[in-house]
file query_18.csv (CSV, C-alpha atoms and all ligand atoms)
chain,number,residue,atom,x,y,z
L,812,MET,CA,141.7,104.2,101.2
L,813,ARG,CA,140.7,101.1,103.0
L,814,GLN,CA,142.4,98.1,101.5
L,815,HIS,CA,143.6,94.8,103.0
L,816,LEU,CA,147.1,95.5,101.9
L,817,GLY,CA,148.6,98.3,103.9
L,818,PRO,CA,152.1,99.8,103.6
L,819,THR,CA,153.5,96.6,102.3
L,820,LEU,CA,151.9,97.3,98.9
L,821,PRO,CA,153.9,99.8,96.8
L,822,SER,CA,151.7,102.9,96.4
L,823,SER,CA,152.2,102.7,92.6
L,824,GLU,CA,150.2,99.5,92.7
L,825,ILE,CA,147.2,101.0,94.5
L,826,THR,CA,144.5,102.4,92.2
L,827,PRO,CA,141.9,104.7,93.5
L,828,GLN,CA,139.2,102.3,94.5
L,829,ARG,CA,136.8,105.1,95.4
L,830,LEU,CA,137.1,106.5,91.9
L,831,TYR,CA,136.5,103.1,90.4
L,832,LEU,CA,133.4,102.7,92.5
L,833,ALA,CA,132.2,106.2,91.9
L,834,ARG,CA,132.7,105.8,88.1
L,835,ARG,CA,130.7,102.7,88.0
L,836,GLU,CA,127.9,103.9,90.1
L,837,PHE,CA,127.4,107.4,88.7
L,838,LEU,CA,127.5,106.1,85.1
L,839,GLY,CA,125.2,103.3,86.0
L,840,ALA,CA,123.7,100.9,83.5
L,841,SER,CA,125.7,101.9,80.4
L,842,VAL,CA,129.0,101.2,82.1
L,843,GLY,CA,127.4,97.9,83.4
L,844,ALA,CA,126.6,96.8,79.9
L,845,LEU,CA,130.1,97.7,78.6
L,846,ALA,CA,131.7,95.9,81.5
L,847,THR,CA,129.6,92.8,80.9
L,848,ALA,CA,130.8,92.7,77.3
L,849,ALA,CA,134.4,93.2,78.4
L,850,PHE,CA,134.2,90.4,80.9
L,851,SER,CA,132.3,88.0,78.6
L,852,ALA,CA,135.4,85.8,78.4
L,853,ASN,CA,134.4,84.7,81.9
L,854,ALA,CA,130.8,84.2,81.2
L,855,PHE,CA,130.9,80.4,81.5
L,856,ALA,CA,128.4,80.2,84.3
L,857,ALA,CA,125.7,77.6,83.6
L,858,SER,CA,122.3,77.6,85.3
L,859,LEU,CA,122.1,75.7,88.6
L,860,ALA,CA,118.9,74.5,90.3
L,861,ALA,CA,118.6,74.9,94.0
L,862,LYS,CA,115.7,74.9,96.5
L,863,PRO,CA,115.3,77.9,98.7
L,864,GLY,CA,117.1,77.3,101.9
L,865,PRO,CA,116.9,78.8,105.4
L,866,PHE,CA,118.6,82.1,106.4
L,867,ARG,CA,117.4,84.4,103.7
L,868,ALA,CA,118.4,88.0,104.6
L,869,GLU,CA,115.6,90.4,104.0
L,870,ASP,CA,118.0,93.0,102.5
L,871,LYS,CA,117.7,93.5,98.8
L,872,PRO,CA,120.4,91.4,96.9
L,873,THR,CA,123.2,93.5,95.4
L,874,ALA,CA,123.1,93.7,91.6
L,875,LYS,CA,124.7,90.6,90.1
L,876,GLU,CA,126.9,92.9,87.9
L,877,ALA,CA,128.5,94.3,91.0
L,878,VAL,CA,128.8,91.0,92.8
L,879,THR,CA,130.7,89.6,89.9
L,880,THR,CA,132.9,92.6,89.0
L,881,TYR,CA,133.9,94.0,92.4
L,882,ASN,CA,135.9,91.2,94.0
L,883,ASN,CA,138.9,90.4,96.1
L,884,PHE,CA,140.8,87.4,94.7
L,885,TYR,CA,144.5,88.3,95.0
L,886,GLU,CA,145.6,85.3,92.9
L,887,PHE,CA,144.3,87.4,89.9
L,888,GLY,CA,145.5,90.8,91.0
L,889,VAL,CA,144.9,93.2,93.9
L,890,GLU,CA,142.4,95.6,92.2
L,891,LYS,CA,138.7,95.0,92.6
L,892,ASP,CA,138.2,94.6,88.8
L,893,ASP,CA,141.2,92.3,88.3
L,894,PRO,CA,139.5,89.0,89.1
L,895,ALA,CA,136.7,89.5,86.6
L,896,LYS,CA,139.2,90.5,84.0
L,897,ASN,CA,141.9,87.8,84.7
L,898,ALA,CA,140.3,84.8,86.3
L,899,GLY,CA,139.5,83.2,82.9
L,900,THR,CA,142.8,81.3,83.1
L,901,LEU,CA,141.4,79.2,86.0
L,902,ARG,CA,140.3,75.7,84.9
L,903,THR,CA,137.4,74.7,87.1
L,904,SER,CA,136.6,71.3,85.7
L,905,PRO,CA,137.6,68.6,86.5
L,906,TRP,CA,138.1,69.7,90.1
L,907,SER,CA,139.1,67.6,93.0
L,908,ILE,CA,139.5,68.2,96.7
L,909,VAL,CA,142.0,66.4,99.0
L,910,VAL,CA,140.3,65.7,102.3
L,911,GLU,CA,142.7,64.6,105.0
L,912,GLY,CA,143.4,64.4,108.7
L,913,ALA,CA,141.0,63.5,111.4
L,914,CYS,CA,138.3,61.8,109.4
L,915,ASP,CA,137.2,58.2,108.7
L,916,ARG,CA,137.1,58.6,104.9
L,917,PRO,CA,140.1,60.7,103.8
L,918,GLY,CA,140.9,60.8,100.1
L,919,THR,CA,140.9,62.8,96.9
L,920,TYR,CA,137.3,63.5,96.0
L,921,ALA,CA,135.9,64.8,92.7
L,922,LEU,CA,133.8,67.9,93.7
L,923,GLU,CA,130.6,66.2,92.4
L,924,ASP,CA,131.1,63.4,94.8
L,925,LEU,CA,131.1,65.6,97.9
L,926,TYR,CA,127.4,66.5,97.6
L,927,LYS,CA,124.2,65.5,95.7
L,928,PRO,CA,122.6,68.1,93.5
L,929,ALA,CA,119.4,67.7,95.4
L,930,GLU,CA,121.2,69.0,98.5
L,931,LEU,CA,121.9,72.4,97.0
L,932,GLU,CA,120.2,75.3,98.6
L,933,GLU,CA,119.9,79.0,97.8
L,934,ARG,CA,120.7,81.3,100.7
L,935,VAL,CA,120.7,85.1,100.7
L,936,TYR,CA,123.5,86.3,103.0
L,937,ARG,CA,124.9,89.6,103.9
L,938,HIS,CA,128.6,89.7,103.0
L,939,ARG,CA,130.9,92.1,104.9
L,940,CYS,CA,134.5,92.7,103.8
L,941,VAL,CA,137.0,94.0,106.4
L,942,GLU,CA,137.6,96.9,104.1
L,943,ALA,CA,134.2,98.2,105.3
L,944,TRP,CA,132.0,97.6,102.2
L,945,SER,CA,129.2,95.0,102.1
L,946,MET,CA,127.0,93.2,99.6
L,947,VAL,CA,124.0,90.9,99.8
L,948,VAL,CA,124.5,87.7,97.8
L,949,PRO,CA,122.1,84.9,96.8
L,950,TRP,CA,124.5,82.0,97.1
L,951,ILE,CA,123.9,78.4,96.1
L,952,GLY,CA,125.7,75.7,98.1
L,953,VAL,CA,125.6,72.9,100.6
L,954,PRO,CA,126.2,73.2,104.4
L,955,LEU,CA,129.8,72.5,105.1
L,956,ALA,CA,128.6,70.3,108.0
L,957,SER,CA,127.0,67.8,105.5
L,958,VAL,CA,130.3,67.4,103.7
L,959,LEU,CA,132.2,67.0,106.9
L,960,GLN,CA,129.7,64.3,108.0
L,961,LYS,CA,130.1,62.6,104.7
L,962,VAL,CA,133.9,62.2,105.1
L,963,GLY,CA,133.4,61.2,108.7
L,964,ALA,CA,135.1,63.9,110.8
L,965,THR,CA,136.2,62.4,114.1
L,966,SER,CA,136.4,63.8,117.6
L,967,ASN,CA,140.0,64.7,117.0
L,968,ALA,CA,138.9,67.3,114.5
L,969,LYS,CA,139.0,70.5,116.5
L,970,TYR,CA,139.7,72.7,113.5
L,971,VAL,CA,139.3,72.7,109.8
L,972,ALA,CA,142.0,74.0,107.5
L,973,PHE,CA,141.4,75.0,103.9
L,974,GLU,CA,143.7,75.8,101.0
L,975,THR,CA,143.2,77.4,97.6
L,976,LEU,CA,144.8,76.0,94.4
L,977,TYR,CA,148.4,76.8,94.1
L,978,ASP,CA,149.3,77.1,90.4
L,979,LYS,CA,151.1,80.1,89.0
L,980,GLU,CA,150.0,79.3,85.4
L,981,GLN,CA,146.3,79.4,86.3
L,982,MET,CA,146.7,82.0,89.0
L,983,PRO,CA,149.2,84.5,87.7
L,984,GLY,CA,148.9,86.7,90.8
L,985,GLN,CA,150.7,84.0,92.7
L,986,SER,CA,153.9,85.1,91.1
L,987,ARG,CA,153.8,88.2,93.3
L,988,ARG,CA,154.5,87.7,97.0
L,989,VAL,CA,151.6,89.9,98.2
L,990,LEU,CA,150.4,87.0,100.4
L,991,GLU,CA,151.8,83.7,101.5
L,992,TRP,CA,150.6,81.2,98.8
L,993,PRO,CA,148.5,79.1,98.7
L,994,TYR,CA,145.8,81.2,100.3
L,995,ARG,CA,144.8,79.5,103.6
L,996,GLU,CA,141.9,79.8,105.9
L,997,GLY,CA,140.5,77.9,108.9
L,998,LEU,CA,137.6,77.5,111.2
L,999,ARG,CA,137.1,76.0,114.6
L,1000,ILE,CA,135.0,72.8,114.3
L,1001,ASP,CA,131.9,74.3,115.9
L,1002,GLU,CA,132.1,77.2,113.4
L,1003,ALA,CA,132.6,74.8,110.5
L,1004,MET,CA,129.6,72.6,111.6
L,1005,HIS,CA,127.3,75.6,112.2
L,1006,PRO,CA,124.2,75.5,109.9
L,1007,LEU,CA,125.0,78.9,108.5
L,1008,THR,CA,128.4,77.9,107.2
L,1009,LEU,CA,128.1,77.1,103.5
L,1010,LEU,CA,130.3,75.6,100.8
L,1011,ALA,CA,129.1,77.6,97.8
L,1012,VAL,CA,129.2,76.4,94.2
L,1013,GLY,CA,126.9,79.1,92.7
L,1014,LEU,CA,125.3,82.5,92.9
L,1015,TYR,CA,122.3,84.1,91.3
L,1016,GLY,CA,121.1,80.8,90.0
L,1017,GLU,CA,124.3,80.0,88.1
L,1018,THR,CA,127.5,78.1,88.7
L,1019,LEU,CA,130.1,80.4,90.5
L,1020,PRO,CA,131.9,82.7,88.1
L,1021,ASN,CA,135.7,82.2,88.4
L,1022,GLN,CA,136.2,85.6,90.0
L,1023,ASN,CA,133.8,84.6,92.9
L,1024,GLY,CA,135.8,81.5,93.7
L,1025,ALA,CA,134.8,78.8,91.3
L,1026,PRO,CA,134.1,76.0,91.5
L,1027,VAL,CA,133.8,75.9,95.3
L,1028,ARG,CA,134.4,78.5,98.0
L,1029,LEU,CA,133.6,78.9,101.7
L,1030,VAL,CA,130.9,81.4,102.9
L,1031,VAL,CA,130.8,82.3,106.6
L,1032,PRO,CA,128.4,85.2,106.8
L,1033,TRP,CA,129.1,86.4,110.4
L,1034,LYS,CA,132.8,86.8,109.6
L,1035,TYR,CA,134.7,89.2,107.5
L,1036,GLY,CA,134.8,88.2,103.8
L,1037,PHE,CA,138.4,87.1,103.8
L,1038,LYS,CA,137.4,83.9,105.8
L,1039,GLY,CA,135.5,82.9,102.6
L,1040,ILE,CA,138.4,81.2,100.9
L,1041,LYS,CA,137.9,80.6,97.2
L,1042,SER,CA,138.7,77.8,94.8
L,1043,ILE,CA,139.4,75.2,97.5
L,1044,VAL,CA,141.5,72.2,96.8
L,1045,ARG,CA,142.3,70.9,100.3
L,1046,ILE,CA,140.4,70.4,103.5
L,1047,LYS,CA,142.3,69.2,106.5
L,1048,LEU,CA,140.7,68.2,109.8
L,1049,GLN,CA,143.2,68.8,112.6
L,1050,ASP,CA,143.6,69.4,116.3
L,1051,SER,CA,145.6,72.6,116.1
L,1052,GLN,CA,144.5,76.1,115.0
L,1053,PRO,CA,145.3,76.5,111.3
L,1054,ARG,CA,147.5,79.2,109.9
L,1055,THR,CA,145.6,81.7,107.8
L,1056,ALA,CA,147.0,83.8,104.9
L,1057,TRP,CA,145.9,87.2,106.2
L,1058,ASN,CA,147.0,86.4,109.8
L,1059,VAL,CA,150.4,85.4,108.6
L,1060,SER,CA,150.9,88.5,106.4
L,1061,ALA,CA,149.5,91.1,108.9
L,1062,PRO,CA,148.9,89.6,112.4
L,1063,SER,CA,148.0,92.9,114.0
L,1064,GLU,CA,145.3,93.5,111.4
L,1065,TYR,CA,143.7,90.1,110.8
L,1066,GLY,CA,143.1,87.6,113.6
L,1067,PHE,CA,142.0,84.0,113.4
L,1068,TYR,CA,138.4,84.6,114.4
L,1069,SER,CA,137.6,87.7,112.3
L,1070,ASN,CA,134.0,88.0,113.5
L,1071,VAL,CA,132.3,91.1,112.2
L,1072,ASN,CA,132.6,93.4,115.2
L,1073,PRO,CA,131.9,97.1,115.1
L,1074,ASP,CA,133.5,97.5,118.5
L,1075,VAL,CA,137.0,96.4,117.3
L,1076,ASP,CA,138.5,98.8,114.8
L,1077,HIS,CA,140.9,97.7,112.2
L,1078,PRO,CA,144.2,99.4,113.1
L,1079,ARG,CA,143.9,101.6,109.9
L,1080,TRP,CA,140.2,102.4,110.0
L,1081,SER,CA,136.9,102.1,111.9
L,1082,GLN,CA,134.7,99.1,111.6
L,1083,LYS,CA,131.6,100.9,113.0
L,1084,THR,CA,130.0,101.5,109.6
L,1085,GLU,CA,130.0,100.0,106.2
L,1086,ARG,CA,129.1,101.0,102.6
L,1087,ARG,CA,126.7,98.7,101.0
L,1088,ILE,CA,127.8,98.4,97.3
L,1089,GLY,CA,125.1,100.3,95.3
L,1090,GLU,CA,124.1,102.6,98.2
L,1091,PHE,CA,125.5,106.0,99.2
L,1092,ARG,CA,124.6,106.4,102.8
L,1093,ARG,CA,126.7,104.3,105.1
L,1094,ARG,CA,125.1,101.7,107.3
L,1095,GLU,CA,125.9,100.8,110.9
L,1096,THR,CA,127.7,97.6,111.0
L,1097,LEU,CA,126.0,94.9,113.1
L,1098,PRO,CA,127.8,92.6,115.5
L,1099,PHE,CA,128.4,89.3,113.8
L,1100,ASN,CA,127.1,91.0,110.6
L,1101,GLY,CA,123.5,90.6,112.0
L,1102,TYR,CA,123.8,86.9,112.7
L,1103,GLY,CA,124.4,87.2,116.4
L,1104,GLU,CA,121.2,85.4,117.3
L,1105,GLN,CA,122.5,82.3,115.5
L,1106,VAL,CA,126.2,82.4,116.4
L,1107,ALA,CA,126.9,84.5,119.5
L,1108,GLU,CA,126.7,81.5,121.8
L,1109,LEU,CA,129.7,79.9,119.9
L,1110,TYR,CA,131.8,82.6,121.6
L,1111,ALA,CA,130.3,82.7,125.1
L,1112,GLY,CA,133.0,83.5,127.6
L,1113,MET,CA,135.5,84.6,125.0
L,1114,ASP,CA,137.0,88.1,125.0
L,1115,LEU,CA,136.3,89.1,121.4
L,1116,ARG,CA,138.6,92.1,121.6
L,1117,ARG,CA,141.6,89.9,122.2
L,1118,ASN,CA,140.3,87.1,119.9
L,1119,PHE,CA,139.6,89.4,117.0
L,1201,LIG,N1,141.8,82.3,97.5
L,1201,LIG,C1,141.3,83.5,97.9
L,1201,LIG,N2,140.2,83.6,98.6
L,1201,LIG,C2,139.7,84.8,98.9
L,1201,LIG,C3,140.4,86.0,98.7
L,1201,LIG,C4,141.6,85.9,98.0
L,1201,LIG,O1,142.4,86.9,97.7
L,1201,LIG,N3,142.1,84.6,97.6
L,1201,LIG,N4,139.9,87.2,99.1
L,1201,LIG,C5,139.0,87.2,100.3
L,1201,LIG,C6,138.4,88.5,100.6
L,1201,LIG,S1,139.4,89.6,101.2
L,1201,LIG,C7,137.1,88.7,100.4
L,1201,LIG,S2,136.3,90.1,101.0
L,1201,LIG,C8,136.2,87.7,99.7
L,1201,LIG,C9,135.5,88.4,98.5
L,1201,LIG,O2,134.6,87.5,98.0
L,1201,LIG,P1,133.8,88.0,96.7
L,1201,LIG,O3,134.8,88.4,95.7
L,1201,LIG,O4,133.0,86.8,96.2
L,1201,LIG,O5,132.9,89.1,97.2
L,1201,LIG,O6,136.9,86.6,99.2
L,1201,LIG,C10,137.9,86.1,100.1
L,1201,LIG,N5,138.5,84.9,99.6
L,1202,MO,MO,138.0,91.2,102.2

call {"tool": "encode", "arguments": {"input": "query_18.csv", "output": "structure tokens"}}
result
Amino acid sequence: MRQHLGPTLPSSEITPQRLYLARREFLGASVGALATAAFSANAFAASLAAKPGPFRAEDKPTAKEAVTTYNNFYEFGVEKDDPAKNAGTLRTSPWSIVVEGACDRPGTYALEDLYKPAELEERVYRHRCVEAWSMVVPWIGVPLASVLQKVGATSNAKYVAFETLYDKEQMPGQSRRVLEWPYREGLRIDEAMHPLTLLAVGLYGETLPNQNGAPVRLVVPWKYGFKGIKSIVRIKLQDSQPRTAWNVSAPSEYGFYSNVNPDVDHPRWSQKTERRIGEFRRRETLPFNGYGEQVAELYAGMDLRRNF
């Protein structure tokens, strides 16, 4: 079984992910309806208006039911269905984000003050987890670049570091040391400023469900999904490469760059193909998840086998 957590996770805590998926997909709609009822405690999502933005993948979006019930969010458990069942304890409003480091306007910002509703765009992105499954998600969000401009990132900002909320009451999974908490991620400044990089606040025309990273999460579509840090409370502009939760916990498996690269296998499985959730035949994985035309130049001259 492909799962981020390798031998460090006691086998008793691993459920058969394949069985889970097979069950859902073979039984189809009736299971979907039941699941929706069971997860209704999390159905707080309110509709969200957004203009269609650029970068709309032609692939058919994955069913919303799958996008919102098949998640990785270890703060709520390590199984794919745990976040949808357990993330109701997260309080997403009010929500503030500390912005600090190399910027002209550091401070604690209410989320609503970081963008104007009119800036929201809908973008349909391919989403590829390092576990070799993928989805297509209609996100709603604002380019991270516009937020970084708003806070006045300076020329000393070579990297951007992000942190998730750290609160064991709201995020009970943080009582288990499966990862170093809070979850951390980072981008190089040119990756952060790239027009594809999105701070998402919604999906499928609604505010983000908690399990998908409410109220605000990162989406970097040419990288493996774990770069997409959820429920962000801190953004720091800095001159050194940030530490990242997965790199700290398993450095040989998860690098800082984490670009989707079919030529560099994960040490425990191949990255050449992927299973699109809702499909049976595996697809070939594309370099940079199909976004090479837009982003390959960011890595010109870099050895992407060494910088995986
Ligand atoms: N805070 C936090 N962010 C996280 C994770 C997590 O465990 N905690 N999991 C990551 C992983 S491994 C993936 S694949 C994506 C999954 O996003 P999705 O559930 O919206 O598909 O979230 C990423 N962001
Ligand atoms: Mo992932």

call {"tool": "residues_near_ligand", "arguments": {"input": "query_18.csv", "ligand": "ligand MO 1202 (chain L)", "cutoff": "9 Å", "atoms": "only C-alpha atoms and all ligand atoms", "output": "VMD selection string"}}
result
chain L and resid 814 to 815 882 to 884 939 to 944 1035 to 1039

call {"tool": "atom_distance", "arguments": {"input": "query_18.csv", "atom1": "atom CA of Asn1072 of chain L", "atom2": "atom CA of Pro1098 of chain L"}}
result
4.9 Å

call {"tool": "atom_distance", "arguments": {"input": "query_18.csv", "atom1": "atom CA of Lys1041 of chain L", "atom2": "atom C2 of ligand LIG 1201 (chain L)"}}
result
4.9 Å

call {"tool": "atom_distance", "arguments": {"input": "query_18.csv", "atom1": "atom CA of Asn1023 of chain L", "atom2": "atom CA of Pro894 of chain L"}}
result
8.1 Å

call {"tool": "closest_residue", "arguments": {"input": "query_18.csv", "among": "L:Ser1042, L:Thr919, L:Ser986, L:Asn967", "to": "ligand LIG 1201 (chain L)", "atoms": "only C-alpha atoms and all ligand atoms"}}
result
L:Ser1042

call {"tool": "closest_residue", "arguments": {"input": "query_18.csv", "among": "L:Leu1019, L:Leu998, L:Ala868, L:Val1044", "to": "Tyr977 of chain L", "atoms": "all atoms listed in the file"}}
result
L:Val1044

call {"tool": "residues_around", "arguments": {"input": "query_18.csv", "residues": "Lys927 of chain L", "least_positions_apart": "3", "cutoff": "12 Å", "atoms": "all atoms listed in the file", "output": "VMD selection string"}}
result
chain L and resid 860 to 861 922 to 924 930 to 932 952 to 954 957 to 958 961

call {"tool": "write_last_selection", "arguments": {"input": "query_18.csv", "atoms": "C-alpha atoms", "output": "compact mmCIF listing (two decimals), keeping the file's coordinate frame"}}
result
# COMPACT_ATOMS: atom_id res chain seq x y z
CA ALA L 860 118.90 74.50 90.30
CA ALA L 861 118.60 74.90 94.00
CA LEU L 922 133.80 67.90 93.70
CA GLU L 923 130.60 66.20 92.40
CA ASP L 924 131.10 63.40 94.80
CA GLU L 930 121.20 69.00 98.50
CA LEU L 931 121.90 72.40 97.00
CA GLU L 932 120.20 75.30 98.60
CA GLY L 952 125.70 75.70 98.10
CA VAL L 953 125.60 72.90 100.60
CA PRO L 954 126.20 73.20 104.40
CA SER L 957 127.00 67.80 105.50
CA VAL L 958 130.30 67.40 103.70
CA LYS L 961 130.10 62.60 104.70

call {"tool": "closest_residue", "arguments": {"input": "query_18.csv", "among": "L:Gln1022, L:Gln1082, L:Ser966, L:Thr1008", "to": "ligand LIG 1201 (chain L)", "atoms": "only C-alpha atoms and all ligand atoms"}}
result
L:Gln1022

call {"tool": "residues_around", "arguments": {"input": "query_18.csv", "residues": "Tyr936 of chain L", "least_positions_apart": "4", "cutoff": "8 Å", "atoms": "all atoms listed in the file", "output": "PyMOL selection string"}}
result
chain L and resi 866-868+947-950+1032

call {"tool": "closest_residue", "arguments": {"input": "query_18.csv", "among": "L:Phe973, L:Trp906, L:Tyr1015, L:Tyr881", "to": "ligand LIG 1201 (chain L)", "atoms": "all atoms listed in the file"}}
result
L:Tyr881

call {"tool": "closest_residue", "arguments": {"input": "query_18.csv", "among": "L:Leu976, L:Leu1109, L:Ile1000, L:Leu1048", "to": "Asp915 of chain L", "atoms": "only C-alpha atoms"}}
result
L:Leu1048

call {"tool": "closest_residue", "arguments": {"input": "query_18.csv", "among": "L:Glu869, L:Glu974, L:Glu980, L:Glu1104", "to": "Thr900 of chain L", "atoms": "all atoms listed in the file"}}
result
L:Glu980

call {"tool": "residues_around", "arguments": {"input": "query_18.csv", "residues": "Phe887 of chain L", "least_positions_apart": "3", "cutoff": "7 Å", "atoms": "only C-alpha atoms", "output": "PDB file with C-alpha atoms, in the coordinates of the input"}}
result
ATOM      1  CA  PHE L 884     140.800  87.400  94.700  1.00  0.00           C
ATOM      2  CA  ASP L 893     141.200  92.300  88.300  1.00  0.00           C
ATOM      3  CA  PRO L 894     139.500  89.000  89.100  1.00  0.00           C
ATOM      4  CA  ASN L 897     141.900  87.800  84.700  1.00  0.00           C
ATOM      5  CA  ALA L 898     140.300  84.800  86.300  1.00  0.00           C
ATOM      6  CA  MET L 982     146.700  82.000  89.000  1.00  0.00           C
ATOM      7  CA  PRO L 983     149.200  84.500  87.700  1.00  0.00           C
ATOM      8  CA  GLY L 984     148.900  86.700  90.800  1.00  0.00           C
TER       9      GLY L 984
END

call {"tool": "residues_around", "arguments": {"input": "query_18.csv", "residues": "segment 1099-1101 of chain L", "least_positions_apart": "6", "cutoff": "6 Å", "atoms": "only C-alpha atoms", "output": "list in words"}}
result
Trp1033, Asn1070 and Val1071 of chain L

call {"tool": "residues_around", "arguments": {"input": "query_18.csv", "residues": "Tyr1110 of chain L", "least_positions_apart": "2", "cutoff": "12 Å", "atoms": "only C-alpha atoms", "output": "list in words"}}
result
Arg999, Asp1001, Glu1002, Tyr1068, Asn1070, Phe1099, Gly1103, Glu1104, Gln1105, Val1106, Ala1107, Glu1108, Gly1112, Met1113, Asp1114, Leu1115, Arg1116, Asn1118 and Phe1119 of chain L

call {"tool": "write_last_selection", "arguments": {"input": "query_18.csv", "atoms": "C-alpha atoms", "output": "PDB file, keeping the file's coordinate frame"}}
result
ATOM      1  CA  ARG L 999     137.100  76.000 114.600  1.00  0.00           C
ATOM      2  CA  ASP L1001     131.900  74.300 115.900  1.00  0.00           C
ATOM      3  CA  GLU L1002     132.100  77.200 113.400  1.00  0.00           C
ATOM      4  CA  TYR L1068     138.400  84.600 114.400  1.00  0.00           C
ATOM      5  CA  ASN L1070     134.000  88.000 113.500  1.00  0.00           C
ATOM      6  CA  PHE L1099     128.400  89.300 113.800  1.00  0.00           C
ATOM      7  CA  GLY L1103     124.400  87.200 116.400  1.00  0.00           C
ATOM      8  CA  GLU L1104     121.200  85.400 117.300  1.00  0.00           C
ATOM      9  CA  GLN L1105     122.500  82.300 115.500  1.00  0.00           C
ATOM     10  CA  VAL L1106     126.200  82.400 116.400  1.00  0.00           C
ATOM     11  CA  ALA L1107     126.900  84.500 119.500  1.00  0.00           C
ATOM     12  CA  GLU L1108     126.700  81.500 121.800  1.00  0.00           C
ATOM     13  CA  GLY L1112     133.000  83.500 127.600  1.00  0.00           C
ATOM     14  CA  MET L1113     135.500  84.600 125.000  1.00  0.00           C
ATOM     15  CA  ASP L1114     137.000  88.100 125.000  1.00  0.00           C
ATOM     16  CA  LEU L1115     136.300  89.100 121.400  1.00  0.00           C
ATOM     17  CA  ARG L1116     138.600  92.100 121.600  1.00  0.00           C
ATOM     18  CA  ASN L1118     140.300  87.100 119.900  1.00  0.00           C
ATOM     19  CA  PHE L1119     139.600  89.400 117.000  1.00  0.00           C
TER      20      PHE L1119
END
